[in-house]
Structure formats: C-alpha cells, structure tokens
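Dropping query_20.cif in here (mmCIF, C-alpha atoms):
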```cif
data_target
loop_
_atom_site.label_atom_id
_atom_site.label_comp_id
_atom_site.auth_asym_id
_atom_site.auth_seq_id
_atom_site.Cartn_x
_atom_site.Cartn_y
_atom_site.Cartn_z
CA MET A 1 68.95 89.08 44.28
CA ALA A 2 72.09 87.61 42.74
CA ASP A 3 75.16 86.99 44.85
CA SER A 4 77.74 89.78 44.94
CA ALA A 5 80.52 89.60 42.40
CA PRO A 6 83.96 88.61 43.74
CA ASN A 7 85.30 92.15 43.33
CA ALA A 8 82.51 93.45 45.59
CA SER A 9 83.92 91.51 48.55
CA LEU A 10 84.60 93.28 51.84
CA THR A 11 87.95 91.47 52.02
CA PRO A 12 90.79 92.87 49.87
CA GLN A 13 92.42 90.34 47.58
CA PRO A 14 96.18 89.95 47.08
CA GLY A 15 97.57 91.67 44.01
CA HIS A 16 94.69 94.12 43.67
CA LEU A 17 94.48 97.91 43.59
CA TYR A 18 91.42 99.45 45.25
CA VAL A 19 90.36 102.97 44.28
CA VAL A 20 88.55 104.05 47.42
CA ALA A 21 86.31 107.11 47.77
CA THR A 22 86.42 108.85 51.14
CA PRO A 23 84.09 111.49 52.66
CA ILE A 24 84.23 115.04 51.35
CA GLY A 25 83.16 116.42 54.72
CA ASN A 26 80.66 114.26 56.55
CA LEU A 27 82.43 111.29 58.10
CA ALA A 28 79.21 109.28 58.02
CA ASP A 29 79.58 109.09 54.24
CA LEU A 30 82.33 106.45 54.32
CA THR A 31 80.71 103.27 53.04
CA GLU A 32 80.83 99.98 54.90
CA ARG A 33 82.79 98.46 52.04
CA ALA A 34 85.32 101.30 51.96
CA ARG A 35 85.87 100.98 55.71
CA ALA A 36 86.40 97.23 55.42
CA ILE A 37 88.87 97.58 52.52
CA LEU A 38 90.84 100.39 54.17
CA GLY A 39 91.06 98.40 57.36
CA ALA A 40 92.56 95.33 55.74
CA VAL A 41 94.75 96.27 52.74
CA ASP A 42 98.51 95.97 53.03
CA LEU A 43 99.11 99.60 52.06
CA VAL A 44 97.11 102.82 51.72
CA ALA A 45 98.51 105.33 49.19
CA CYS A 46 97.36 108.84 50.08
CA GLU A 47 97.92 112.51 49.28
CA ASP A 48 98.71 113.52 52.87
CA THR A 49 99.57 110.89 55.46
CA ARG A 50 98.45 113.22 58.27
CA THR A 51 95.03 113.81 56.74
CA THR A 52 94.39 110.17 55.89
CA GLY A 53 95.95 108.95 59.13
CA SER A 54 93.62 111.20 61.12
CA MET A 55 90.61 109.99 59.13
CA LEU A 56 91.48 106.34 59.63
CA THR A 57 92.05 106.87 63.35
CA ARG A 58 88.54 108.29 63.69
CA TYR A 59 87.21 105.02 62.31
CA GLY A 60 89.52 102.98 64.54
CA LEU A 61 91.64 101.88 61.58
CA HIS A 62 95.44 101.71 61.44
CA ARG A 63 97.29 100.91 58.20
CA ASP A 64 100.69 101.50 56.65
CA LEU A 65 100.50 104.75 54.68
CA VAL A 66 102.51 105.70 51.58
CA PRO A 67 102.64 109.34 50.38
CA TYR A 68 101.21 109.55 46.86
CA HIS A 69 100.59 113.07 45.58
CA ASP A 70 101.07 115.43 42.65
CA HIS A 71 104.82 115.82 43.26
CA ASN A 72 105.78 112.14 43.45
CA GLU A 73 102.96 110.41 41.59
CA ILE A 74 104.93 109.29 38.54
CA GLU A 75 107.66 107.40 40.39
CA VAL A 76 105.52 106.15 43.27
CA ALA A 77 102.89 104.78 40.89
CA GLU A 78 105.42 102.39 39.38
CA ARG A 79 106.73 101.31 42.78
CA LEU A 80 103.22 100.62 44.02
CA ALA A 81 102.44 98.66 40.86
CA ASP A 82 105.55 96.57 41.55
CA GLN A 83 104.24 95.76 45.02
CA ILE A 84 100.78 94.89 43.68
CA ALA A 85 102.38 92.62 41.08
CA ALA A 86 104.24 90.95 43.95
CA GLY A 87 100.95 90.20 45.69
CA LYS A 88 100.30 93.21 47.91
CA SER A 89 96.82 94.70 48.22
CA VAL A 90 96.87 98.50 47.92
CA ALA A 91 94.17 101.13 48.38
CA VAL A 92 94.58 104.57 46.85
CA VAL A 93 92.69 107.49 48.42
CA SER A 94 92.70 111.25 48.06
CA ASP A 95 92.34 113.72 50.92
CA ALA A 96 88.60 113.75 50.23
CA GLY A 97 86.28 112.32 47.59
CA THR A 98 87.06 109.96 44.73
CA PRO A 99 90.71 109.46 43.69
CA ALA A 100 91.69 110.38 40.12
CA ILE A 101 88.80 112.88 39.82
CA SER A 102 90.87 116.10 39.89
CA ASP A 103 93.05 114.33 42.46
CA PRO A 104 96.00 111.93 42.25
CA GLY A 105 95.12 108.39 41.23
CA PHE A 106 95.19 108.24 37.45
CA ARG A 107 98.84 107.17 37.17
CA ILE A 108 98.68 104.24 39.58
CA VAL A 109 95.53 103.02 37.84
CA ARG A 110 97.23 103.34 34.44
CA ALA A 111 100.33 101.54 35.71
CA CYS A 112 98.17 98.65 36.90
CA ARG A 113 96.14 98.49 33.68
CA ARG A 114 99.35 98.38 31.64
CA ARG A 115 100.37 95.29 33.61
CA ASN A 116 96.92 93.70 33.58
CA LEU A 117 96.69 94.00 37.36
CA PRO A 118 93.15 94.09 38.81
CA VAL A 119 91.79 97.56 39.65
CA ILE A 120 88.65 97.64 41.78
CA PRO A 121 86.58 100.81 42.37
CA VAL A 122 85.08 101.29 45.81
CA PRO A 123 82.66 104.14 45.03
CA GLY A 124 81.38 106.78 47.39
CA ALA A 125 81.50 110.53 47.84
CA CYS A 126 82.29 112.75 44.84
CA ALA A 127 81.72 116.50 45.09
CA VAL A 128 80.81 117.10 41.45
CA ALA A 129 78.27 114.25 41.39
CA ALA A 130 76.73 115.41 44.66
CA VAL A 131 76.27 118.98 43.43
CA LEU A 132 74.95 117.92 40.03
CA SER A 133 72.33 115.75 41.70
CA ALA A 134 71.04 118.57 43.91
CA SER A 135 71.48 121.61 41.64
CA GLY A 136 68.39 121.51 39.45
CA LEU A 137 70.56 122.09 36.37
CA PRO A 138 70.43 119.61 33.45
CA THR A 139 72.17 116.31 34.15
CA ASN A 140 71.46 114.45 30.90
CA GLY A 141 75.06 115.22 30.00
CA PHE A 142 77.89 117.31 31.43
CA LEU A 143 81.52 118.23 30.83
CA PHE A 144 83.69 118.05 33.93
CA ALA A 145 86.79 120.21 33.57
CA GLY A 146 88.16 120.06 37.12
CA PHE A 147 90.23 123.09 38.13
CA LEU A 148 90.91 125.63 35.39
CA ILE A 149 94.26 127.36 34.99
CA SER A 150 94.55 130.24 37.44
CA LYS A 151 95.08 132.97 34.82
CA THR A 152 92.05 135.07 34.01
CA SER A 153 92.76 134.89 30.28
CA ALA A 154 92.73 131.08 30.34
CA ARG A 155 89.49 130.90 32.29
CA THR A 156 87.67 133.39 30.07
CA ALA A 157 88.98 131.61 26.98
CA PHE A 158 87.51 128.34 28.32
CA LEU A 159 84.15 129.99 28.97
CA ALA A 160 84.11 131.55 25.51
CA LYS A 161 85.01 128.22 23.88
CA TYR A 162 82.12 126.44 25.57
CA ARG A 163 79.64 129.32 25.47
CA ASP A 164 77.24 127.33 23.27
CA PHE A 165 77.99 123.87 24.67
CA ASP A 166 74.88 121.67 24.70
CA PHE A 167 75.41 120.28 28.19
CA THR A 168 76.16 121.50 31.70
CA LEU A 169 79.73 122.57 32.47
CA ALA A 170 81.09 121.38 35.82
CA LEU A 171 84.22 122.75 37.46
CA TYR A 172 86.04 123.02 40.76
CA GLU A 173 87.33 126.33 42.09
CA SER A 174 89.32 127.38 45.14
CA CYS A 175 88.34 129.92 47.77
CA HIS A 176 91.14 132.16 46.48
CA ARG A 177 89.60 132.61 43.01
CA ILE A 178 85.88 131.93 43.32
CA ASP A 179 84.99 135.63 43.52
CA LYS A 180 86.93 136.40 40.32
CA PHE A 181 85.53 133.36 38.55
CA ALA A 182 81.95 134.38 39.38
CA GLU A 183 82.68 137.79 37.86
CA GLU A 184 84.23 136.20 34.77
CA ILE A 185 81.16 134.03 34.20
CA VAL A 186 78.92 137.11 34.22
CA ALA A 187 81.27 139.09 31.97
CA THR A 188 81.81 136.26 29.45
CA LEU A 189 78.47 134.41 29.40
CA GLY A 190 76.13 137.18 30.47
CA PRO A 191 74.19 138.00 33.65
CA ASP A 192 71.24 135.72 32.81
CA ARG A 193 73.16 132.47 32.38
CA VAL A 194 71.87 129.91 34.89
CA VAL A 195 74.56 128.68 37.25
CA CYS A 196 75.00 126.84 40.51
CA ILE A 197 77.85 127.55 42.91
CA ALA A 198 78.01 125.19 45.88
CA LYS A 199 80.42 125.31 48.78
CA GLU A 200 81.31 123.03 51.68
CA VAL A 201 79.13 120.21 50.37
CA THR A 202 78.13 117.73 53.13
CA LYS A 203 79.70 119.98 55.77
CA LEU A 204 78.09 122.15 58.44
CA HIS A 205 78.04 125.29 56.29
CA GLU A 206 76.95 123.66 53.02
CA THR A 207 75.46 126.33 50.75
CA PHE A 208 73.96 126.20 47.26
CA TYR A 209 73.62 129.38 45.19
CA VAL A 210 71.42 128.68 42.15
CA GLY A 211 69.98 131.13 39.64
CA ARG A 212 71.02 133.89 37.25
CA ALA A 213 74.78 134.34 37.13
CA ALA A 214 74.62 137.97 38.26
CA ASP A 215 72.34 137.15 41.18
CA VAL A 216 74.46 134.19 42.23
CA ARG A 217 77.58 136.32 42.09
CA ASP A 218 76.01 138.99 44.29
CA ARG A 219 74.76 136.49 46.86
CA LEU A 220 78.07 134.68 46.88
CA LEU A 221 80.06 137.85 47.55
CA LYS A 222 77.88 138.73 50.53
CA GLY A 223 78.85 135.54 52.36
CA SER A 224 82.00 133.78 53.46
CA LEU A 225 84.30 132.63 50.67
CA LYS A 226 85.98 129.96 52.77
CA GLY A 227 85.80 126.35 51.68
CA GLU A 228 85.82 124.25 48.54
CA PHE A 229 83.58 125.21 45.61
CA VAL A 230 81.84 123.37 42.78
CA VAL A 231 80.62 125.48 39.86
CA LEU A 232 77.97 124.36 37.37
CA ILE A 233 77.02 126.34 34.26
CA ALA A 234 73.83 125.42 32.43
CA PRO A 235 73.47 125.44 28.62
CA ALA A 236 72.68 128.86 27.19
CA ASP A 237 69.00 128.12 26.51
CA PHE A 238 68.23 126.60 29.92
CA VAL A 239 65.65 128.31 32.13
CA LEU A 240 65.41 127.36 35.78
#
```
For the structure just supplied, provide its representation as structure tokens.
Amino acid sequence: MADSAPNASLTPQPGHLYVVATPIGNLADLTERARAILGAVDLVACEDTRTTGSMLTRYGLHRDLVPYHDHNEIEVAERLADQIAAGKSVAVVSDAGTPAISDPGFRIVRACRRRNLPVIPVPGACAVAAVLSASGLPTNGFLFAGFLISKTSARTAFLAKYRDFDFTLALYESCHRIDKFAEEIVATLGPDRVVCIAKEVTKLHETFYVGRAADVRDRLLKGSLKGEFVVLIAPADFVL
C-alpha cells in the first residue's frame, strides 16, 4: 500500500483549514484522524461552543473554540481566513455530521479557496449518506436538497417540480414538520410512491420507515416524532 498523502496526516499543518465531520449521535463514530486533528489545531470553529465543547471534553480534548454559525458566518469566515493566512491551523465543525452539508461551513471554505489556502476534508459521519446506504432505495444518483422552506406551498411546489425526477430525492426535515411533510408527499406524489423516512440515525432510537408513502406516513404517525429526520423519495417507477 502506498504511503499516506501529506494531507492525510494526523498532525494539523500551519495555515490549513480542516473540514471535520463529527458524530451524528454515536460518539464511537468520531474517526481517529478527526480526533487527532481536533486535539491539535489552533482553533475550532463551531456552531455552538457548548455542544462542541461538551463533545471534545468527552474525548478528553480541550481547544480554543470560536462561534461560527448561520448568524455570523459571513464576517467570521473572513476573520478565520485571515488567521489561516497568518499561519494558524483551524478546524471547522458543525453540531453533528459533516460541515457545509446543510450546516455552516461553505463560506469559510470559499474564503480559503479564494485565497488559495489549503482546505483539507476529514470525512466521517453524514446523515444523508448513512440513510441512503441503508434505505434500499436507488443510489446510482440522488438530489440532496437539504431543508425545504417551511411553507406548505413551497414544499408541495418542490415535490411537483421533481415528480418525474430520474433519481432519488434526499431531504432533511425537522420534528416540527415531519408529519405535515409525510402528508404532503402522499397528496402530491401519490400513496404508492416508495419513500424512506429515517429518524435518530446512529442513536438509541434509530428507526427506518421504508415502503409505500401512505404506509410510511401511517407508521410514522403512530410513533414518536422526536428527533432529526432524513427523507428519501424514490423515482416514480421504482418498486421496492
């Protein structure tokens, strides 16, 4: 086997940004490389310093944390890029999963790319990839749309637009709207459309509902609606 590339090192390099995936529920899912990077960078940029600080403490890690979230991302991204340009090593994390995938991260990466500063991915947990891999729905291609706008009209318009899409649709949904979204899928795409709704992936109460949209809706509504949800919608001609 060939030697690891320099950017695969367990030691963070000066003047580099590391995009580090963190567990989405099961703490055992933090990779050895992610733990090493998070334990040695100069700064960790995170959505919530309490959440990330608690996670790092569980691993016995202690780093300087910088708030980096939806409300300050634009200005903080440039400040962090300045520090990276000055030789600091910085890791960006989200509260859970892979940064920049429906979470903050895109702007700091863009700021670094604009300045030709090295950006190194440290891959790991990602809810949409995990659910796709275990759903049984087609994975030869998919459209990931993240969180849809909260208005019913916007969500149904999205479903209608992609009614005949050739690949699987993948979305995130909150516990506050998952019941309505399940109903909207049935109403817009029909009761026989094959879907997968997964909640609390990698956690104690992980649950996958897979099958006809109407059946999945009914089973979903009989259980707890707490947690984070991933929704997959198969192409119209797919049969499970």
**OP:** Compare A:Leu132, A:Ile24, A:Leu169, A:Ile233 by their minimum atom-to-atom distance to Gly146 of chain A, counting all atoms listed in the file, and give me the closest one.
**Re:** A:Leu169
Subject >> Who sits within 9 Å of Pro12 of chain A, only C-alpha atoms, same chain under 6 positions skipped, as a list in words >> reply: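 The residues satisfying every condition are Tyr18, Ala36, Ile37, Leu38, Ala40, Val41, Asp42, Ser89 and Val90 of chain A.
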Subject >> Nearest to Pro99 of chain A, chosen from A:Val66, A:His71, A:Phe147, A:Val20, with all atoms listed in the file counted in the distances >> reply: A:Val20
Original post:
Which value, in Å to one decimal, gives the distance between atom CA of Gly211 of chain A and atom CA of Leu240 of chain A?
Top reply: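 Pair atom CA of Gly211 of chain A / atom CA of Leu240 of chain A returns 7.1 Å.
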Subject >> segment 48-63 of chain A environment, 12 Å, all atoms listed in the file, sequence neighbours closer than 6 positions dropped, as a PyMOL selection string >> reply: chain A and resi 20-32+34-42+69-72+89-97+103-104
How big is the axis-aligned box, and where does its centre sit, when it encloses all atoms of segment 27-38 of chain A listed in the file and has 8 Å added on every side, reported in Å to one decimal as AutoDock Vina command-line options?
```
--center_x 85.0 --center_y 104.3 --center_z 55.0 --size_x 27.6 --size_y 30.1 --size_z 22.1
```
Original post:
Given the choices A:Val230, A:Ala145, A:Leu225, A:Cys46, which gets closest to His176 of chain A if the distance is worked out from all atoms listed in the file?
Top reply: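 Closest to His176 of chain A, using all atoms listed in the file: A:Leu225.
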**OP:** Provide the atom CA of Arg212 of chain A to atom CA of Gly227 of chain A distance in Å, to one decimal place.
**Re:** 22.0 Å
**OP:** May I ask which of the residues A:Leu137, A:Leu220, A:Ala214, A:Leu17 is the closest one to Thr168 of chain A, counting all atoms listed in the file?
**Re:**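 Counting all atoms listed in the file, the residue closest to Thr168 of chain A is A:Leu137.
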**OP:** List every protein, DNA or RNA residue with an atom no more than 8 Å from (71.8, 126.2, 44.6) in the file's coordinates, counting all atoms listed in the file, and format the result as number ranges by chain.
**Re:** A: 134-136, 196-198, 207-211
Subject >> Atomic separation - atom CA of Ala236 of chain A relative to atom CA of Asp192 of chain A, Å >> reply: 9.0 Å
**OP:** Could you expand the PyMOL selection byres ((chain A and resi 83) around 12) into the explicit residues it covers here, written as a list in words?
**Re:**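 In the shown coordinates, the PyMOL selection byres ((chain A and resi 83) around 12) covers Pro14, Gly15, His16, Leu17, Asp42, Leu43, Ala45, Val76, Ala77, Glu78, Arg79, Leu80, Ala81, Asp82, Ile84, Ala85, Ala86, Gly87, Lys88, Ser89, Val90, Ala91, Ile108, Ala111, Cys112 and Leu117 of chain A.
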Convert the current residue selection to file output with C-alpha atoms, as an mmCIF file, keeping the file's coordinate frame.
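out-v3.cif was written with the following content:
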```cif
data_model
loop_
_atom_site.group_PDB
_atom_site.id
_atom_site.type_symbol
_atom_site.label_atom_id
_atom_site.label_comp_id
_atom_site.auth_asym_id
_atom_site.auth_seq_id
_atom_site.Cartn_x
_atom_site.Cartn_y
_atom_site.Cartn_z
ATOM 1 C CA PRO A 14 96.180 89.950 47.080
ATOM 2 C CA GLY A 15 97.570 91.670 44.010
ATOM 3 C CA HIS A 16 94.690 94.120 43.670
ATOM 4 C CA LEU A 17 94.480 97.910 43.590
ATOM 5 C CA ASP A 42 98.510 95.970 53.030
ATOM 6 C CA LEU A 43 99.110 99.600 52.060
ATOM 7 C CA ALA A 45 98.510 105.330 49.190
ATOM 8 C CA VAL A 76 105.520 106.150 43.270
ATOM 9 C CA ALA A 77 102.890 104.780 40.890
ATOM 10 C CA GLU A 78 105.420 102.390 39.380
ATOM 11 C CA ARG A 79 106.730 101.310 42.780
ATOM 12 C CA LEU A 80 103.220 100.620 44.020
ATOM 13 C CA ALA A 81 102.440 98.660 40.860
ATOM 14 C CA ASP A 82 105.550 96.570 41.550
ATOM 15 C CA ILE A 84 100.780 94.890 43.680
ATOM 16 C CA ALA A 85 102.380 92.620 41.080
ATOM 17 C CA ALA A 86 104.240 90.950 43.950
ATOM 18 C CA GLY A 87 100.950 90.200 45.690
ATOM 19 C CA LYS A 88 100.300 93.210 47.910
ATOM 20 C CA SER A 89 96.820 94.700 48.220
ATOM 21 C CA VAL A 90 96.870 98.500 47.920
ATOM 22 C CA ALA A 91 94.170 101.130 48.380
ATOM 23 C CA ILE A 108 98.680 104.240 39.580
ATOM 24 C CA ALA A 111 100.330 101.540 35.710
ATOM 25 C CA CYS A 112 98.170 98.650 36.900
ATOM 26 C CA LEU A 117 96.690 94.000 37.360
#
```
Original post:
Looking at A:Ala213, A:Leu143, A:Val122, A:Ala127, which one is nearest to Glu200 of chain A, with distances taken over only C-alpha atoms?
Top reply: A:Ala127
Original post:
Taking only C-alpha atoms into account, which of A:Arg193, A:Lys226, A:Arg219, A:Arg163 comes nearest Cys175 of chain A?
Top reply: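 Using only C-alpha atoms, Cys175 of chain A sits closest to A:Lys226.
What the PyMOL selection byres ((chain A and resi 188) around 10) grabs from this file is A:Arg155, A:Thr156, A:Ala157, A:Phe158, A:Leu159, A:Ala160, A:Arg163, A:Glu183, A:Glu184, A:Ile185, A:Val186, A:Ala187, A:Leu189, A:Gly190, A:Pro191, A:Arg193.
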Filtering to C-alpha atoms, could you give me those residues as a JSON list (two decimals), in the frame of the given file?
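Output saved as again_6.json:
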```
[["chain", "number", "residue", "atom", "x", "y", "z"],
["A", 155, "ARG", "CA", 89.49, 130.90, 32.29],
["A", 156, "THR", "CA", 87.67, 133.39, 30.07],
["A", 157, "ALA", "CA", 88.98, 131.61, 26.98],
["A", 158, "PHE", "CA", 87.51, 128.34, 28.32],
["A", 159, "LEU", "CA", 84.15, 129.99, 28.97],
["A", 160, "ALA", "CA", 84.11, 131.55, 25.51],
["A", 163, "ARG", "CA", 79.64, 129.32, 25.47],
["A", 183, "GLU", "CA", 82.68, 137.79, 37.86],
["A", 184, "GLU", "CA", 84.23, 136.20, 34.77],
["A", 185, "ILE", "CA", 81.16, 134.03, 34.20],
["A", 186, "VAL", "CA", 78.92, 137.11, 34.22],
["A", 187, "ALA", "CA", 81.27, 139.09, 31.97],
["A", 189, "LEU", "CA", 78.47, 134.41, 29.40],
["A", 190, "GLY", "CA", 76.13, 137.18, 30.47],
["A", 191, "PRO", "CA", 74.19, 138.00, 33.65],
["A", 193, "ARG", "CA", 73.16, 132.47, 32.38]]
```
